[in-house]
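Novice: My file is structure39.cif. It has mmCIF, C-alpha atoms:
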data_entry
loop_
_atom_site.group_PDB
_atom_site.id
_atom_site.type_symbol
_atom_site.label_atom_id
_atom_site.label_comp_id
_atom_site.auth_asym_id
_atom_site.auth_seq_id
_atom_site.Cartn_x
_atom_site.Cartn_y
_atom_site.Cartn_z
ATOM 1 C CA MET A 1 21.962 -10.893 -11.982
ATOM 2 C CA ASP A 2 18.902 -8.964 -10.804
ATOM 3 C CA PRO A 3 18.457 -10.076 -7.146
ATOM 4 C CA TYR A 4 14.672 -9.712 -7.533
ATOM 5 C CA SER A 5 14.433 -11.849 -10.692
ATOM 6 C CA ALA A 6 13.118 -15.416 -10.624
ATOM 7 C CA GLU A 7 16.692 -16.678 -10.193
ATOM 8 C CA GLY A 8 17.793 -13.915 -7.812
ATOM 9 C CA GLU A 9 18.590 -14.267 -4.119
ATOM 10 C CA LEU A 10 15.941 -11.808 -2.949
ATOM 11 C CA ILE A 11 12.964 -13.061 -4.952
ATOM 12 C CA ASN A 12 11.295 -14.868 -2.032
ATOM 13 C CA ILE A 13 11.712 -12.201 0.652
ATOM 14 C CA HIS A 14 10.708 -9.556 -1.909
ATOM 15 C CA ASN A 15 7.553 -11.452 -2.873
ATOM 16 C CA HIS A 16 6.679 -12.025 0.789
ATOM 17 C CA PHE A 17 6.870 -8.271 1.342
ATOM 18 C CA HIS A 18 4.630 -7.353 -1.567
ATOM 19 C CA GLN A 19 2.142 -10.074 -0.677
ATOM 20 C CA GLY A 20 1.789 -8.460 2.747
ATOM 21 C CA GLN A 21 3.398 -11.419 4.543
ATOM 22 C CA TYR A 22 5.374 -9.181 6.839
ATOM 23 C CA GLN A 23 6.117 -11.710 9.563
ATOM 24 C CA GLU A 24 7.567 -14.056 6.953
ATOM 25 C CA VAL A 25 9.833 -11.204 5.837
ATOM 26 C CA VAL A 26 10.995 -10.567 9.400
ATOM 27 C CA ASP A 27 11.631 -14.274 9.980
ATOM 28 C CA PHE A 28 13.418 -14.803 6.654
ATOM 29 C CA ASP A 29 16.882 -16.356 7.069
ATOM 30 C CA THR A 30 19.310 -13.936 5.423
ATOM 31 C CA SER A 31 22.510 -15.600 6.632
ATOM 32 C CA ALA A 32 23.227 -17.280 3.290
ATOM 33 C CA LEU A 33 22.728 -14.132 1.182
ATOM 34 C CA SER A 34 25.700 -12.610 -0.623
ATOM 35 C CA ALA A 35 27.294 -9.503 0.872
ATOM 36 C CA GLU A 36 25.744 -7.128 -1.675
ATOM 37 C CA ASN A 37 22.235 -8.359 -0.874
ATOM 38 C CA GLN A 38 22.483 -8.139 2.916
ATOM 39 C CA LEU A 39 21.499 -4.445 3.080
ATOM 40 C CA PRO A 40 18.527 -4.703 0.649
ATOM 41 C CA ALA A 41 17.249 -7.672 2.658
ATOM 42 C CA ARG A 42 17.694 -5.773 5.928
ATOM 43 C CA VAL A 43 15.761 -2.824 4.492
ATOM 44 C CA LEU A 44 12.857 -5.109 3.562
ATOM 45 C CA GLN A 45 12.870 -6.570 7.068
ATOM 46 C CA LEU A 46 12.922 -3.128 8.674
ATOM 47 C CA ARG A 47 10.042 -1.965 6.453
ATOM 48 C CA ALA A 48 8.103 -5.110 7.372
ATOM 49 C CA ARG A 49 8.644 -4.405 11.078
ATOM 50 C CA ILE A 50 7.303 -0.877 10.596
ATOM 51 C CA ALA A 51 4.238 -2.351 8.889
ATOM 52 C CA LEU A 52 3.810 -4.644 11.905
ATOM 53 C CA GLY A 53 3.717 -1.674 14.275
ATOM 54 C CA GLN A 54 7.348 -1.717 15.418
ATOM 55 C CA ALA A 55 8.284 1.747 14.111
ATOM 56 C CA ALA A 56 9.722 2.964 17.427
ATOM 57 C CA GLU A 57 12.069 -0.023 17.679
ATOM 58 C CA VAL A 58 13.156 0.352 14.061
ATOM 59 C CA LEU A 59 13.825 4.072 14.499
ATOM 60 C CA HIS A 60 15.998 3.361 17.538
ATOM 61 C CA GLU A 61 17.890 0.703 15.576
ATOM 62 C CA VAL A 62 18.723 2.907 12.571
ATOM 63 C CA SER A 63 19.267 6.163 14.456
ATOM 64 C CA GLY A 64 22.629 7.651 13.516
ATOM 65 C CA GLU A 65 23.191 5.331 10.543
ATOM 66 C CA LYS A 66 25.001 6.940 7.603
ATOM 67 C CA ALA A 67 23.773 4.675 4.794
ATOM 68 C CA PRO A 68 21.135 6.568 2.755
ATOM 69 C CA GLU A 69 18.989 3.424 2.646
ATOM 70 C CA LEU A 70 18.779 3.375 6.444
ATOM 71 C CA GLN A 71 18.185 7.119 6.657
ATOM 72 C CA ALA A 72 15.214 6.566 4.351
ATOM 73 C CA VAL A 73 13.979 3.816 6.652
ATOM 74 C CA ALA A 74 14.270 6.257 9.558
ATOM 75 C CA ALA A 75 12.033 8.682 7.652
ATOM 76 C CA LEU A 76 9.451 5.941 7.105
ATOM 77 C CA ALA A 77 9.532 5.087 10.813
ATOM 78 C CA GLU A 78 9.157 8.758 11.785
ATOM 79 C CA GLN A 79 6.089 9.042 9.577
ATOM 80 C CA ALA A 80 4.578 5.885 11.050
ATOM 81 C CA LEU A 81 5.033 7.442 14.496
ATOM 82 C CA GLY A 82 3.177 10.583 13.431
ATOM 83 C CA ASN A 83 6.232 12.781 12.878
ATOM 84 C CA ASN A 84 5.291 13.660 9.315
ATOM 85 C CA ASP A 85 7.240 16.922 8.978
ATOM 86 C CA LYS A 86 10.434 15.310 10.226
ATOM 87 C CA ALA A 87 9.980 12.387 7.840
ATOM 88 C CA VAL A 88 9.482 14.696 4.864
ATOM 89 C CA ASP A 89 12.487 16.801 5.851
ATOM 90 C CA ILE A 90 14.745 13.711 5.894
ATOM 91 C CA VAL A 91 13.521 12.598 2.482
ATOM 92 C CA GLN A 92 13.790 16.037 0.909
ATOM 93 C CA LYS A 93 17.405 16.348 2.065
ATOM 94 C CA LEU A 94 18.203 12.926 0.579
ATOM 95 C CA ALA A 95 16.388 13.796 -2.653
ATOM 96 C CA ALA A 96 18.362 17.031 -3.020
ATOM 97 C CA GLY A 97 21.721 15.241 -3.153
ATOM 98 C CA ASP A 98 23.423 12.332 -4.874
ATOM 99 C CA GLU A 99 21.349 9.983 -2.713
ATOM 100 C CA ALA A 100 18.436 10.679 -5.068
ATOM 101 C CA GLU A 101 20.003 8.133 -7.445
ATOM 102 C CA ASN A 102 19.733 5.419 -4.772
ATOM 103 C CA VAL A 103 16.805 3.134 -5.618
ATOM 104 C CA THR A 104 15.894 2.550 -1.958
ATOM 105 C CA VAL A 105 15.803 6.310 -1.349
ATOM 106 C CA GLN A 106 13.582 6.642 -4.413
ATOM 107 C CA ILE A 107 11.141 3.955 -3.264
ATOM 108 C CA ILE A 108 10.905 4.791 0.430
ATOM 109 C CA GLY A 109 11.197 8.515 -0.215
ATOM 110 C CA GLY A 110 8.408 8.335 -2.766
ATOM 111 C CA THR A 111 6.280 6.444 -0.268
ATOM 112 C CA VAL A 112 6.833 9.058 2.442
ATOM 113 C CA LEU A 113 6.223 12.018 0.125
ATOM 114 C CA GLN A 114 3.031 10.544 -1.317
ATOM 115 C CA ALA A 115 1.694 9.796 2.163
ATOM 116 C CA ALA A 116 2.404 13.426 3.049
ATOM 117 C CA GLY A 117 0.340 14.625 0.089
ATOM 118 C CA LYS A 118 3.357 15.666 -1.985
ATOM 119 C CA SER A 119 2.497 13.631 -5.080
ATOM 120 C CA GLU A 120 4.495 15.591 -7.638
ATOM 121 C CA GLU A 121 7.624 15.485 -5.486
ATOM 122 C CA ALA A 122 7.102 11.758 -5.055
ATOM 123 C CA LEU A 123 6.769 11.221 -8.804
ATOM 124 C CA ALA A 124 9.833 13.361 -9.537
ATOM 125 C CA LEU A 125 11.905 11.188 -7.200
ATOM 126 C CA LEU A 126 10.449 7.866 -8.353
ATOM 127 C CA ASN A 127 10.898 8.686 -12.023
ATOM 128 C CA LYS A 128 14.663 8.707 -11.489
ATOM 129 C CA HIS A 129 14.570 4.910 -11.252
ATOM 130 C CA GLN A 130 16.465 2.698 -13.667
ATOM 131 C CA GLY A 131 14.376 -0.431 -14.093
ATOM 132 C CA SER A 132 12.877 -0.759 -10.594
ATOM 133 C CA LEU A 133 9.541 -2.563 -10.442
ATOM 134 C CA ASP A 134 8.996 -1.267 -6.906
ATOM 135 C CA ALA A 135 9.194 2.269 -8.271
ATOM 136 C CA VAL A 136 6.868 1.368 -11.144
ATOM 137 C CA ALA A 137 4.302 -0.046 -8.716
ATOM 138 C CA LEU A 138 4.362 3.130 -6.606
ATOM 139 C CA ILE A 139 4.101 5.352 -9.675
ATOM 140 C CA VAL A 140 1.038 3.372 -10.797
ATOM 141 C CA GLN A 141 -0.563 3.758 -7.354
ATOM 142 C CA ILE A 142 0.024 7.513 -7.396
ATOM 143 C CA TYR A 143 -1.432 7.895 -10.884
ATOM 144 C CA LEU A 144 -4.517 5.926 -9.832
ATOM 145 C CA GLN A 145 -4.955 8.112 -6.747
ATOM 146 C CA GLN A 146 -4.759 11.139 -9.034
ATOM 147 C CA ASN A 147 -7.343 9.585 -11.404
ATOM 148 C CA ARG A 148 -4.734 9.637 -14.181
ATOM 149 C CA ASN A 149 -5.748 6.216 -15.426
ATOM 150 C CA ASP A 150 -4.229 6.675 -18.885
ATOM 151 C CA LEU A 151 -0.770 7.246 -17.387
ATOM 152 C CA ALA A 152 -1.173 4.239 -15.077
ATOM 153 C CA VAL A 153 -2.059 2.051 -18.061
ATOM 154 C CA LYS A 154 1.013 3.277 -19.983
ATOM 155 C CA GLU A 155 3.279 2.665 -16.970
ATOM 156 C CA VAL A 156 2.099 -0.929 -16.604
ATOM 157 C CA ALA A 157 2.308 -1.615 -20.345
ATOM 158 C CA ALA A 158 5.890 -0.328 -20.448
ATOM 159 C CA ALA A 159 6.894 -2.457 -17.440
ATOM 160 C CA ARG A 160 5.216 -5.533 -18.897
ATOM 161 C CA ARG A 161 7.570 -5.346 -21.886
ATOM 162 C CA TRP A 162 10.682 -5.778 -19.752
ATOM 163 C CA ALA A 163 9.409 -7.495 -16.608
ATOM 164 C CA GLN A 164 6.981 -9.958 -18.190
ATOM 165 C CA ASP A 165 5.338 -12.122 -15.513
ATOM 166 C CA SER A 166 6.687 -10.473 -12.354
ATOM 167 C CA LEU A 167 4.456 -10.440 -9.272
ATOM 168 C CA LEU A 168 4.601 -6.641 -9.069
ATOM 169 C CA VAL A 169 3.603 -6.209 -12.701
ATOM 170 C CA ASN A 170 0.672 -8.569 -12.196
ATOM 171 C CA LEU A 171 -0.387 -6.657 -9.089
ATOM 172 C CA ALA A 172 -0.055 -3.261 -10.773
ATOM 173 C CA GLU A 173 -2.024 -4.476 -13.790
ATOM 174 C CA SER A 174 -4.736 -5.742 -11.441
ATOM 175 C CA TRP A 175 -4.936 -2.401 -9.596
ATOM 176 C CA VAL A 176 -5.426 -0.687 -12.927
ATOM 177 C CA GLY A 177 -7.998 -3.309 -13.904
ATOM 178 C CA LEU A 178 -10.103 -2.549 -10.851
ATOM 179 C CA ARG A 179 -10.157 1.094 -11.891
ATOM 180 C CA LEU A 180 -10.963 0.420 -15.563
ATOM 181 C CA GLY A 181 -13.756 -2.066 -14.844
ATOM 182 C CA GLY A 182 -15.644 -4.314 -17.236
ATOM 183 C CA GLU A 183 -13.874 -7.559 -18.036
ATOM 184 C CA LYS A 184 -10.822 -6.226 -16.186
ATOM 185 C CA TYR A 185 -12.629 -6.907 -12.896
ATOM 186 C CA GLN A 186 -12.591 -10.637 -13.559
ATOM 187 C CA GLN A 187 -8.936 -10.605 -14.616
ATOM 188 C CA ALA A 188 -7.983 -8.788 -11.411
ATOM 189 C CA PHE A 189 -10.030 -11.240 -9.368
ATOM 190 C CA TYR A 190 -8.101 -14.206 -10.771
ATOM 191 C CA VAL A 191 -4.796 -12.660 -9.670
ATOM 192 C CA PHE A 192 -5.946 -11.682 -6.179
ATOM 193 C CA GLU A 193 -7.911 -14.866 -5.540
ATOM 194 C CA GLU A 194 -4.932 -17.043 -6.440
ATOM 195 C CA LEU A 195 -2.703 -15.104 -4.041
ATOM 196 C CA ALA A 196 -5.282 -14.965 -1.251
ATOM 197 C CA GLN A 197 -6.235 -18.622 -1.217
ATOM 198 C CA ALA A 198 -2.830 -20.269 -1.681
ATOM 199 C CA PRO A 199 -1.290 -21.004 1.752
ATOM 200 C CA ALA A 200 2.138 -19.877 0.543
ATOM 201 C CA THR A 201 0.921 -16.406 -0.483
ATOM 202 C CA SER A 202 -2.182 -15.717 1.615
ATOM 203 C CA SER A 203 -2.196 -12.655 3.871
ATOM 204 C CA VAL A 204 -4.670 -10.083 5.170
ATOM 205 C CA ARG A 205 -3.565 -7.826 2.328
ATOM 206 C CA THR A 206 -4.248 -10.353 -0.446
ATOM 207 C CA LEU A 207 -7.567 -11.340 1.150
ATOM 208 C CA VAL A 208 -8.728 -7.715 1.175
ATOM 209 C CA ALA A 209 -7.672 -7.368 -2.464
ATOM 210 C CA GLN A 210 -9.720 -10.462 -3.308
ATOM 211 C CA ALA A 211 -12.704 -9.045 -1.416
ATOM 212 C CA ILE A 212 -12.510 -5.741 -3.296
ATOM 213 C CA SER A 213 -12.514 -7.530 -6.644
ATOM 214 C CA GLU A 214 -15.467 -9.657 -5.477
ATOM 215 C CA LEU A 215 -17.315 -6.455 -4.552
ATOM 216 C CA HIS A 216 -16.732 -4.991 -7.997
ATOM 217 C CA LEU A 217 -18.169 -8.179 -9.475
ATOM 218 C CA GLY A 218 -21.287 -7.829 -7.307
ATOM 219 C CA ARG A 219 -20.505 -10.911 -5.219
ATOM 220 C CA THR A 220 -21.228 -9.515 -1.760
ATOM 221 C CA GLU A 221 -21.365 -12.832 0.101
ATOM 222 C CA GLU A 222 -17.984 -13.916 -1.267
ATOM 223 C CA ALA A 223 -16.544 -10.480 -0.459
ATOM 224 C CA GLN A 224 -17.785 -10.722 3.117
ATOM 225 C CA ALA A 225 -16.281 -14.201 3.508
ATOM 226 C CA ALA A 226 -12.881 -12.955 2.323
ATOM 227 C CA LEU A 227 -12.987 -9.933 4.644
ATOM 228 C CA GLU A 228 -13.996 -12.058 7.628
ATOM 229 C CA GLN A 229 -11.123 -14.401 6.800
ATOM 230 C CA ALA A 230 -8.782 -11.398 6.767
ATOM 231 C CA LEU A 231 -10.052 -10.145 10.128
ATOM 232 C CA LYS A 232 -9.506 -13.582 11.660
ATOM 233 C CA LYS A 233 -5.848 -13.199 10.733
ATOM 234 C CA ASP A 234 -5.677 -9.620 12.046
ATOM 235 C CA PRO A 235 -8.753 -8.162 13.830
ATOM 236 C CA ASN A 236 -7.208 -4.666 13.776
ATOM 237 C CA TYR A 237 -6.334 -4.469 10.082
ATOM 238 C CA ALA A 238 -7.842 -1.116 9.132
ATOM 239 C CA GLN A 239 -8.281 -1.817 5.426
ATOM 240 C CA ALA A 240 -10.272 -4.976 6.137
ATOM 241 C CA ILE A 241 -12.478 -3.133 8.638
ATOM 242 C CA ALA A 242 -13.009 -0.222 6.231
ATOM 243 C CA ASN A 243 -13.993 -2.460 3.341
ATOM 244 C CA LEU A 244 -16.330 -4.532 5.507
ATOM 245 C CA LEU A 245 -17.898 -1.259 6.637
ATOM 246 C CA VAL A 246 -18.468 -0.268 3.001
ATOM 247 C CA LEU A 247 -19.904 -3.694 2.273
ATOM 248 C CA ASN A 248 -22.339 -3.351 5.174
ATOM 249 C CA VAL A 249 -23.453 0.056 3.874
ATOM 250 C CA ILE A 250 -24.097 -1.512 0.472
ATOM 251 C CA THR A 251 -26.107 -4.375 1.982
ATOM 252 C CA GLY A 252 -28.045 -2.102 4.344
ATOM 253 C CA LYS A 253 -26.547 -3.268 7.633
ATOM 254 C CA ASN A 254 -25.742 -1.150 10.680
ATOM 255 C CA VAL A 255 -22.165 0.141 10.614
ATOM 256 C CA ASP A 256 -21.826 1.815 14.028
ATOM 257 C CA GLU A 257 -19.739 -0.974 15.543
ATOM 258 C CA LEU A 258 -17.451 -1.198 12.514
ATOM 259 C CA THR A 259 -17.038 2.588 12.452
ATOM 260 C CA ASN A 260 -15.888 2.484 16.079
ATOM 261 C CA SER A 261 -13.557 -0.425 15.290
ATOM 262 C CA LEU A 262 -12.026 1.516 12.411
ATOM 263 C CA ARG A 263 -11.619 4.590 14.598
ATOM 264 C CA ASN A 264 -9.746 2.479 17.156
ATOM 265 C CA ALA A 265 -7.574 0.806 14.509
ATOM 266 C CA ASP A 266 -6.739 3.949 12.531
ATOM 267 C CA PRO A 267 -8.246 7.272 13.646
ATOM 268 C CA ASN A 268 -6.895 8.986 10.518
ATOM 269 C CA HIS A 269 -8.139 6.431 8.011
ATOM 270 C CA PRO A 270 -9.255 8.144 4.746
ATOM 271 C CA HIS A 271 -12.790 6.757 5.155
ATOM 272 C CA LEU A 272 -13.153 8.437 8.550
ATOM 273 C CA VAL A 273 -11.611 11.676 7.284
ATOM 274 C CA ASP A 274 -14.021 11.710 4.336
ATOM 275 C CA LEU A 275 -16.952 10.920 6.623
ATOM 276 C CA ALA A 276 -16.032 13.780 8.959
ATOM 277 C CA GLU A 277 -15.716 16.224 6.058
ATOM 278 C CA LYS A 278 -19.102 15.225 4.636
ATOM 279 C CA SER A 279 -20.711 15.450 8.078
ATOM 280 C CA GLU A 280 -19.324 18.960 8.539
ATOM 281 C CA LEU A 281 -20.615 20.037 5.111
ATOM 282 C CA PHE A 282 -24.038 18.582 5.914
ATOM 283 C CA ASP A 283 -24.162 20.432 9.248
ATOM 284 C CA LYS A 284 -23.257 23.714 7.513
ATOM 285 C CA ALA A 285 -25.937 23.176 4.877
ATOM 286 C CA ALA A 286 -28.495 22.300 7.538
ATOM 287 C CA THR A 287 -27.632 25.454 9.521
ATOM 288 C CA LYS A 288 -28.106 27.638 6.426
ATOM 289 C CA TYR A 289 -31.423 25.931 5.686
ATOM 290 C CA LYS A 290 -32.682 26.507 9.235
ATOM 291 C CA ALA A 291 -31.585 30.173 9.103
ATOM 292 C CA SER A 292 -33.337 30.796 5.769
ATOM 293 C CA LYS A 293 -36.468 29.011 6.957
ATOM 294 C CA ALA A 294 -36.548 31.083 10.171
ATOM 295 C CA ALA A 295 -36.135 34.308 8.177
ATOM 296 C CA ALA A 296 -39.077 33.398 5.966
#
What do you get writing this file as structure tokens?

Specialist:
Amino acid sequence: MDPYSAEGELINIHNHFHQGQYQEVVDFDTSALSAENQLPARVLQLRARIALGQAAEVLHEVSGEKAPELQAVAALAEQALGNNDKAVDIVQKLAAGDEAENVTVQIIGGTVLQAAGKSEEALALLNKHQGSLDAVALIVQIYLQQNRNDLAVKEVAAARRWAQDSLLVNLAESWVGLRLGGEKYQQAFYVFEELAQAPATSSVRTLVAQAISELHLGRTEEAQAALEQALKKDPNYAQAIANLLVLNVITGKNVDELTNSLRNADPNHPHLVDLAEKSELFDKAATKYKASKAAA
């Protein structure tokens, strides 16, 4: 039996993880799980701890472990601690051997490689999967980041045929919907709103997803309410801060305080990187304009 299926042992801890309920994952009682599911459950808990900011503790815990799954976790922890080159090196060594057939190596390795800007390497590793919805979800995310919407649509459609109503398929289809637009915005909203507002599935992650779909639908007040709800749960959640910042730009509000908050929460957030690049380009253009004006 597939441990992640509706009847499988890992369905609840797996869903908690992908709903962004990381503390629930960490607190999940794994004592009754069968022997073969103990390691997959431990990996989910270790990944959740990294997401909660405990990368140093996780790295110490898995240091020296021989299992490829735990070596992959070590790479993820190294990356979270800023040791990107070391993380990539670990993954590339795993990907070059028989460990590349290990689904956990594929998923975590793909995550590390994509975060390091090595998209094609990530896809090559992830595409080795044999029926893994986690791999499908990551492949869809990479295609969307590459603006390869047609490939993302095909990936979701193929997964829908064999996974039917899985949480990950619904999420992936909703991510694609937000990119395609039109009536897909409303369909994505229904998925995210249901997750965000149900006590059993609500998290900062699902609330931000709801807010983004509200924004696409032009409902700025509802989007702000969802983002404020997310920030009450976690005032330092960078994605919530970044999206509230964007919302304030759209509605004409001052964003200085939110920009500082985002810088404190995640100095390397893509929004800040993009802002810095645009500011540098503007300064260069302004310098050229001043020089040409002075020459005239």

Novice: Using only C-alpha atoms, which of A:Gln38, A:Gln79, A:Thr206, A:Gln141 sits nearest Ala51 (chain A)?

Specialist: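 Looking only at the distances to Ala51 (chain A), the closest residue turns out to be A:Gln79.
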
Novice: Between CA of Pro40 (chain A) and CA of Glu99 (chain A), what distance in Å does the model show, to one decimal?

Specialist: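 So the two atoms, CA of Pro40 (chain A) and CA of Glu99 (chain A), lie 15.3 Å apart.
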
Novice: Between A:Tyr4, A:Phe192, A:Tyr143, A:Trp162, which has the minimum distance to Arg179 (chain A) (counting only C-alpha atoms)?

Specialist: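 The shortest atom-to-atom distance to Arg179 (chain A) comes from A:Tyr143.
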
Novice: Run the PyMOL selection byres ((chain A and resi 240) around 9) on the file and write out the hits as a list in words.

Specialist: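 Taken over the shown coordinates, the PyMOL selection byres ((chain A and resi 240) around 9) returns Val204, Arg205, Leu207, Val208, Ala211, Leu227, Glu228, Ala230, Leu231, Asp234, Pro235, Asn236, Tyr237, Ala238, Gln239, Ile241, Ala242, Asn243, Leu244 and Leu245 of chain A.
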
Novice: Around the point (8.0, -10.8, 9.4), in the coordinates given by the file, pick out the residues reaching within 9 Å, counting all atoms listed in the file, and return them as a list of chain:residue names.

Specialist: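 Those residues, ordered by chain and then number, are A:His16, A:Phe17, A:Gln21, A:Tyr22, A:Gln23, A:Glu24, A:Val25, A:Val26, A:Asp27, A:Phe28, A:Gln45, A:Ala48, A:Arg49, A:Leu52.
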
Novice: Is there a way to get, as a ChimeraX atom specification, all residues within 9 Å of the point (11.1, -8.7, -5.1) in file coordinates, counting all atoms listed in the file?

Specialist: /A:3-6,8,10-18,133-134,166-168

Novice: One decimal, Å: what's the distance from CA of His271 (chain A) over to CA of Thr259 (chain A), could you say?

Specialist: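 Between CA of His271 (chain A) and CA of Thr259 (chain A) the gap is 9.4 Å.
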
Novice: Of the candidates A:Gly110, A:Gly82, A:Ala100, A:Val73, which one gets nearest to Asn268 (chain A) if we count only C-alpha atoms?

Specialist: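 Nearest candidate to Asn268 (chain A) out of A:Gly110, A:Gly82, A:Ala100, A:Val73: A:Gly82.
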
Novice: Using only C-alpha atoms, which of the listed residues (A:Leu272, A:Leu171, A:Ala32, A:Val136) sits closest to Lys154 (chain A)?

Specialist: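 Of the candidates, the smallest distance to Lys154 (chain A) is held by A:Val136.
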
Novice: Let me make sure I understand: among A:Gln106, A:Thr287, A:Lys233, A:Ser213, which one has the smallest atom-to-atom distance to Trp175 (chain A) if we use all atoms listed in the file?

Specialist: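 For Trp175 (chain A), the nearest of the given residues is A:Ser213.
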
Novice: Specify the axis-aligned box that encloses all atoms of region 37-47 of chain A listed in the file after padding of 6 Å on each side, stating its centre and edge lengths in Å to one decimal as JSON.

Specialist:
{"center_x": 16.3, "center_y": -5.2, "center_z": 3.9, "size_x": 24.4, "size_y": 18.4, "size_z": 21.5}

Novice: Can you pull out the residues contacting Gln187 (chain A)? Cut-off 8 Å, using all atoms listed in the file, and skip same-chain residues under 3 positions away; I want them as a PyMOL selection string.

Specialist: chain A and resi 174+177+183-184+190-191

Novice: Using the chain letters and numbering of this document, enumerate as a list in words the residues selected by the PyMOL selection byres ((chain A and resi 92) around 10).

Specialist: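 On the file shown, the PyMOL selection byres ((chain A and resi 92) around 10) covers Lys86, Ala87, Val88, Asp89, Ile90, Val91, Lys93, Leu94, Ala95, Ala96, Gly97, Ala100, Gly109, Val112, Leu113, Glu121, Ala122 and Leu125 of chain A.
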
Novice: Could you turn the residues from that selection into a file that holds C-alpha atoms, as an mmCIF file, in the frame of the given file?

Specialist:
data_model
loop_
_atom_site.group_PDB
_atom_site.id
_atom_site.type_symbol
_atom_site.label_atom_id
_atom_site.label_comp_id
_atom_site.auth_asym_id
_atom_site.auth_seq_id
_atom_site.Cartn_x
_atom_site.Cartn_y
_atom_site.Cartn_z
ATOM 1 C CA LYS A 86 10.434 15.310 10.226
ATOM 2 C CA ALA A 87 9.980 12.387 7.840
ATOM 3 C CA VAL A 88 9.482 14.696 4.864
ATOM 4 C CA ASP A 89 12.487 16.801 5.851
ATOM 5 C CA ILE A 90 14.745 13.711 5.894
ATOM 6 C CA VAL A 91 13.521 12.598 2.482
ATOM 7 C CA LYS A 93 17.405 16.348 2.065
ATOM 8 C CA LEU A 94 18.203 12.926 0.579
ATOM 9 C CA ALA A 95 16.388 13.796 -2.653
ATOM 10 C CA ALA A 96 18.362 17.031 -3.020
ATOM 11 C CA GLY A 97 21.721 15.241 -3.153
ATOM 12 C CA ALA A 100 18.436 10.679 -5.068
ATOM 13 C CA GLY A 109 11.197 8.515 -0.215
ATOM 14 C CA VAL A 112 6.833 9.058 2.442
ATOM 15 C CA LEU A 113 6.223 12.018 0.125
ATOM 16 C CA GLU A 121 7.624 15.485 -5.486
ATOM 17 C CA ALA A 122 7.102 11.758 -5.055
ATOM 18 C CA LEU A 125 11.905 11.188 -7.200
#

Novice: What is the CA of Arg219 (chain A)-CA of Ile250 (chain A) distance in Å, reported with one decimal?

Specialist: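 We find that CA of Arg219 (chain A) and CA of Ile250 (chain A) lie 11.6 Å from each other.
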
Novice: Val140 (chain A): which residues within 7 Å, counting all atoms listed in the file, same-chain residues fewer than 5 positions away excluded, as number ranges by chain?

Specialist: A: 152, 155, 172

Novice: For Leu44 (chain A), which of A:Leu81, A:Glu57, A:Leu258, A:Thr104 is the closest residue, counting all atoms listed in the file?

Specialist: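 Answer, going by the shortest atom-to-atom distance: A:Thr104.
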
Novice: List the residues matched by the PyMOL selection byres ((chain A and resi 69) around 8) in the displayed structure as a PyMOL selection string, ordered by chain and then by residue number.

Specialist: chain A and resi 43+67-68+70-73+102+104-105
